[in-house]
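Report on the structure given below.
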Amino acid sequence: MIIPVTSAVGHGPTELSAFDAALVGAGVADRNLIYLSSVLPPASSVRIVDRIVGTPGGWGDRLYCVMAQERTSTPGAQAWAGIGWGQDASGRGLLVEHHASDERSLRHLVSNSLDALCRNRGIDLPTRGIAIAGAECTGEPVCALVVAVFEAAAWRGVRRFSRHEREDAHRGIRVRVASRRTATRR
């Protein structure tokens with residue numbers, strides 16, 4: 001299982017819009033994010049990527065992920081987020097996510113958490129990695145975000161419209177669903 005990890009920084013007029021801009025920058029906007037508890041299955045391969053390209057699923061689908069984020073709207077304050085991971089030779093491992101107000105603190109938190117989680121389980125995860133994002137607020141709110149994407153799933157019972165039906169709806173032509181397989185124009 002390949003698990004891409006990416007980082008992004010967003011800016012906006014509010015902290016929420018900065019978070020959304022970071023989601024767009026990371027390539028994971030337009031999905032419903034479902035947070036996982038940070039356990040890597042055996043045979044996993046964590047890969048740092050610039051951006052999630054070809055995000056799995058479609059608009060509104062579930063996207064299972066591990067995410068770290070930090071937001072600030074205080075001028076001069078910093079926002080840092082990071083995900084660290086450790087794996088053994090089989091690829092099984094753990095992810096930890098943290099946020100902080102400076103890079104040094106963030107790296108310290110990630111390292112200490114990975115060490116503690118390994119101690120708690122009595123295991124050694126010698127292959128380690130980290131992905132971080134950071135920004136300073138210079139007036140407009142910022143959000144630092146790091147996300148690890150596992151997989152996507154559609155909602156049961158959700159009908160997918162064809163490209164033509166979506167175009168009709170966009171132009172204001174009402175579409176009535178006649179059955180699961182057909183739609184009729186009014």
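Letters for chains follow the order of the structure tokens (A, B, ...), residue numbers begin at 1 for each chain, and ligand numbers begin at 1 in the order shown.
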Checklist entry - Where does DSSP see strand (DSSP E) in range 33-151 of chain A, if you list the residues as a VMD selection string? => result chain A and resid 33 to 35 39 to 40 45 to 48 62 to 72 78 to 87 93 to 100 127 to 136 142 to 151
Check which residues of range 81-138 of chain A sit at most 7 Å from range 24-43 of chain A using only C-alpha atoms, and return one row each with the closest pair of atoms and their distance in Å to one decimal, ordered by chain and rising number, as JSON lines.
```
{"residue": "A:Ser90", "atom": "CA", "partner": "A:Pro42", "partner_atom": "CA", "distance": 5.7}
{"residue": "A:Gly91", "atom": "CA", "partner": "A:Ala43", "partner_atom": "CA", "distance": 4.4}
{"residue": "A:Arg92", "atom": "CA", "partner": "A:Pro42", "partner_atom": "CA", "distance": 3.9}
{"residue": "A:Gly93", "atom": "CA", "partner": "A:Leu40", "partner_atom": "CA", "distance": 4.7}
{"residue": "A:Leu94", "atom": "CA", "partner": "A:Val39", "partner_atom": "CA", "distance": 4.7}
{"residue": "A:Leu95", "atom": "CA", "partner": "A:Ser38", "partner_atom": "CA", "distance": 4.6}
{"residue": "A:Val96", "atom": "CA", "partner": "A:Ser38", "partner_atom": "CA", "distance": 6.2}
```
Item to check | DSSP-assigned alpha helix (DSSP H) members of chain A, reported as a PyMOL selection string | outcome: chain A and resi 15-26+103-121+163-170
Emit the selected residues as a PDB file, in the first residue's frame, including C-alpha atoms.
```
ATOM      1  CA  GLU A  15      -8.468  30.831   9.678  1.00  0.00           C
ATOM      2  CA  LEU A  16     -11.073  28.519   8.149  1.00  0.00           C
ATOM      3  CA  SER A  17     -10.484  29.881   4.650  1.00  0.00           C
ATOM      4  CA  ALA A  18      -6.723  29.514   5.209  1.00  0.00           C
ATOM      5  CA  PHE A  19      -7.350  25.859   6.146  1.00  0.00           C
ATOM      6  CA  ASP A  20      -9.415  25.389   2.980  1.00  0.00           C
ATOM      7  CA  ALA A  21      -6.660  26.988   0.873  1.00  0.00           C
ATOM      8  CA  ALA A  22      -4.175  24.526   2.408  1.00  0.00           C
ATOM      9  CA  LEU A  23      -6.498  21.611   1.563  1.00  0.00           C
ATOM     10  CA  VAL A  24      -6.676  22.849  -2.036  1.00  0.00           C
ATOM     11  CA  GLY A  25      -2.890  23.249  -2.125  1.00  0.00           C
ATOM     12  CA  ALA A  26      -2.424  19.703  -0.828  1.00  0.00           C
ATOM     13  CA  GLU A 103       9.697  24.124  13.900  1.00  0.00           C
ATOM     14  CA  ARG A 104      12.040  23.011  16.676  1.00  0.00           C
ATOM     15  CA  SER A 105       9.164  22.267  19.063  1.00  0.00           C
ATOM     16  CA  LEU A 106       7.302  20.421  16.323  1.00  0.00           C
ATOM     17  CA  ARG A 107      10.245  18.151  15.500  1.00  0.00           C
ATOM     18  CA  HIS A 108      10.767  17.455  19.207  1.00  0.00           C
ATOM     19  CA  LEU A 109       7.109  16.488  19.688  1.00  0.00           C
ATOM     20  CA  VAL A 110       7.123  14.159  16.676  1.00  0.00           C
ATOM     21  CA  SER A 111      10.342  12.409  17.738  1.00  0.00           C
ATOM     22  CA  ASN A 112       9.266  12.010  21.369  1.00  0.00           C
ATOM     23  CA  SER A 113       5.842  10.684  20.396  1.00  0.00           C
ATOM     24  CA  LEU A 114       7.254   8.081  18.006  1.00  0.00           C
ATOM     25  CA  ASP A 115       9.709   6.915  20.659  1.00  0.00           C
ATOM     26  CA  ALA A 116       6.946   6.688  23.278  1.00  0.00           C
ATOM     27  CA  LEU A 117       4.510   4.841  21.007  1.00  0.00           C
ATOM     28  CA  CYS A 118       7.204   2.280  20.218  1.00  0.00           C
ATOM     29  CA  ARG A 119       7.979   1.863  23.945  1.00  0.00           C
ATOM     30  CA  ASN A 120       4.266   1.430  24.704  1.00  0.00           C
ATOM     31  CA  ARG A 121       4.100  -1.456  22.240  1.00  0.00           C
ATOM     32  CA  ARG A 163     -21.103  14.582 -17.441  1.00  0.00           C
ATOM     33  CA  HIS A 164     -24.148  15.700 -19.505  1.00  0.00           C
ATOM     34  CA  GLU A 165     -26.431  15.661 -16.462  1.00  0.00           C
ATOM     35  CA  ARG A 166     -23.904  17.741 -14.488  1.00  0.00           C
ATOM     36  CA  GLU A 167     -23.640  20.230 -17.377  1.00  0.00           C
ATOM     37  CA  ASP A 168     -27.455  20.483 -17.573  1.00  0.00           C
ATOM     38  CA  ALA A 169     -27.672  21.093 -13.825  1.00  0.00           C
ATOM     39  CA  HIS A 170     -24.960  23.753 -14.077  1.00  0.00           C
TER      40      HIS A 170
END
```
Item to check | Residue neighbourhood range 61-70 of chain A, 10 Å, only C-alpha atoms, exclusion window fewer than 5 positions, as an NGL selection string | outcome: :A and (3-9 or 15 or 19 or 22 or 28-39 or 55-56 or 78-83 or 95-101 or 132-135 or 142-156 or 158)
Selection export as a PDB file, in the first residue's frame, atoms kept: C-alpha atoms:
```
ATOM      1  CA  ILE A   3       0.640   6.171   1.339  1.00  0.00           C
ATOM      2  CA  PRO A   4       1.416   9.596  -0.126  1.00  0.00           C
ATOM      3  CA  VAL A   5       2.206  12.385   2.341  1.00  0.00           C
ATOM      4  CA  THR A   6       2.157  16.033   1.348  1.00  0.00           C
ATOM      5  CA  SER A   7       2.347  19.422   3.013  1.00  0.00           C
ATOM      6  CA  ALA A   8       0.821  22.766   2.144  1.00  0.00           C
ATOM      7  CA  VAL A   9       0.345  26.260   3.490  1.00  0.00           C
ATOM      8  CA  GLU A  15      -8.468  30.831   9.678  1.00  0.00           C
ATOM      9  CA  PHE A  19      -7.350  25.859   6.146  1.00  0.00           C
ATOM     10  CA  ALA A  22      -4.175  24.526   2.408  1.00  0.00           C
ATOM     11  CA  VAL A  28      -7.378  16.915  -0.913  1.00  0.00           C
ATOM     12  CA  ALA A  29     -10.164  19.519  -1.012  1.00  0.00           C
ATOM     13  CA  ASP A  30     -13.679  18.483  -2.042  1.00  0.00           C
ATOM     14  CA  ARG A  31     -13.576  15.233  -0.048  1.00  0.00           C
ATOM     15  CA  ASN A  32     -14.946  14.437   3.407  1.00  0.00           C
ATOM     16  CA  LEU A  33     -11.829  13.803   5.461  1.00  0.00           C
ATOM     17  CA  ILE A  34     -12.021  10.941   7.934  1.00  0.00           C
ATOM     18  CA  TYR A  35      -9.145  10.862  10.386  1.00  0.00           C
ATOM     19  CA  LEU A  36      -7.413   7.585  11.112  1.00  0.00           C
ATOM     20  CA  SER A  37      -5.568   6.594  14.262  1.00  0.00           C
ATOM     21  CA  SER A  38      -2.111   6.472  12.724  1.00  0.00           C
ATOM     22  CA  VAL A  39      -1.336   2.760  12.295  1.00  0.00           C
ATOM     23  CA  THR A  55      -6.975  12.405  -5.455  1.00  0.00           C
ATOM     24  CA  PRO A  56      -8.870   9.155  -4.972  1.00  0.00           C
ATOM     25  CA  GLN A  78       3.989  30.970  13.369  1.00  0.00           C
ATOM     26  CA  ALA A  79       1.942  27.863  12.532  1.00  0.00           C
ATOM     27  CA  TRP A  80       3.719  24.520  12.143  1.00  0.00           C
ATOM     28  CA  ALA A  81       2.285  21.058  11.433  1.00  0.00           C
ATOM     29  CA  GLY A  82       3.971  17.732  10.891  1.00  0.00           C
ATOM     30  CA  ILE A  83       3.531  14.014  10.474  1.00  0.00           C
ATOM     31  CA  LEU A  95       2.316   7.727  12.180  1.00  0.00           C
ATOM     32  CA  VAL A  96       2.149  10.630  14.619  1.00  0.00           C
ATOM     33  CA  GLU A  97       0.736  14.055  13.905  1.00  0.00           C
ATOM     34  CA  HIS A  98       1.547  17.238  15.788  1.00  0.00           C
ATOM     35  CA  HIS A  99       1.287  20.998  15.553  1.00  0.00           C
ATOM     36  CA  ALA A 100       3.319  23.712  17.252  1.00  0.00           C
ATOM     37  CA  SER A 101       4.225  27.376  17.110  1.00  0.00           C
ATOM     38  CA  ILE A 132       6.434  19.361   7.917  1.00  0.00           C
ATOM     39  CA  ALA A 133       4.837  22.627   6.884  1.00  0.00           C
ATOM     40  CA  GLY A 134       5.196  26.041   8.460  1.00  0.00           C
ATOM     41  CA  ALA A 135       4.191  29.638   7.912  1.00  0.00           C
ATOM     42  CA  VAL A 142      -2.393  31.154   7.752  1.00  0.00           C
ATOM     43  CA  CYS A 143      -2.714  27.399   8.045  1.00  0.00           C
ATOM     44  CA  ALA A 144       0.085  24.823   7.904  1.00  0.00           C
ATOM     45  CA  LEU A 145      -1.124  21.353   6.908  1.00  0.00           C
ATOM     46  CA  VAL A 146       0.383  17.903   6.403  1.00  0.00           C
ATOM     47  CA  VAL A 147      -1.763  14.981   5.255  1.00  0.00           C
ATOM     48  CA  ALA A 148      -1.152  11.263   4.664  1.00  0.00           C
ATOM     49  CA  VAL A 149      -3.761   9.715   2.346  1.00  0.00           C
ATOM     50  CA  PHE A 150      -4.812   6.096   2.764  1.00  0.00           C
ATOM     51  CA  GLU A 151      -7.841   5.536   0.504  1.00  0.00           C
ATOM     52  CA  ALA A 152     -11.220   6.874  -0.595  1.00  0.00           C
ATOM     53  CA  ALA A 153     -14.683   5.373  -0.565  1.00  0.00           C
ATOM     54  CA  ALA A 154     -17.962   6.500  -2.084  1.00  0.00           C
ATOM     55  CA  TRP A 155     -21.080   6.793   0.027  1.00  0.00           C
ATOM     56  CA  ARG A 156     -23.507   3.901  -0.414  1.00  0.00           C
ATOM     57  CA  VAL A 158     -25.203   7.975  -3.831  1.00  0.00           C
TER      58      VAL A 158
END
```
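Going from CA of Ser73 in chain A to CA of Gly60 in chain A covers 28.2 Å.
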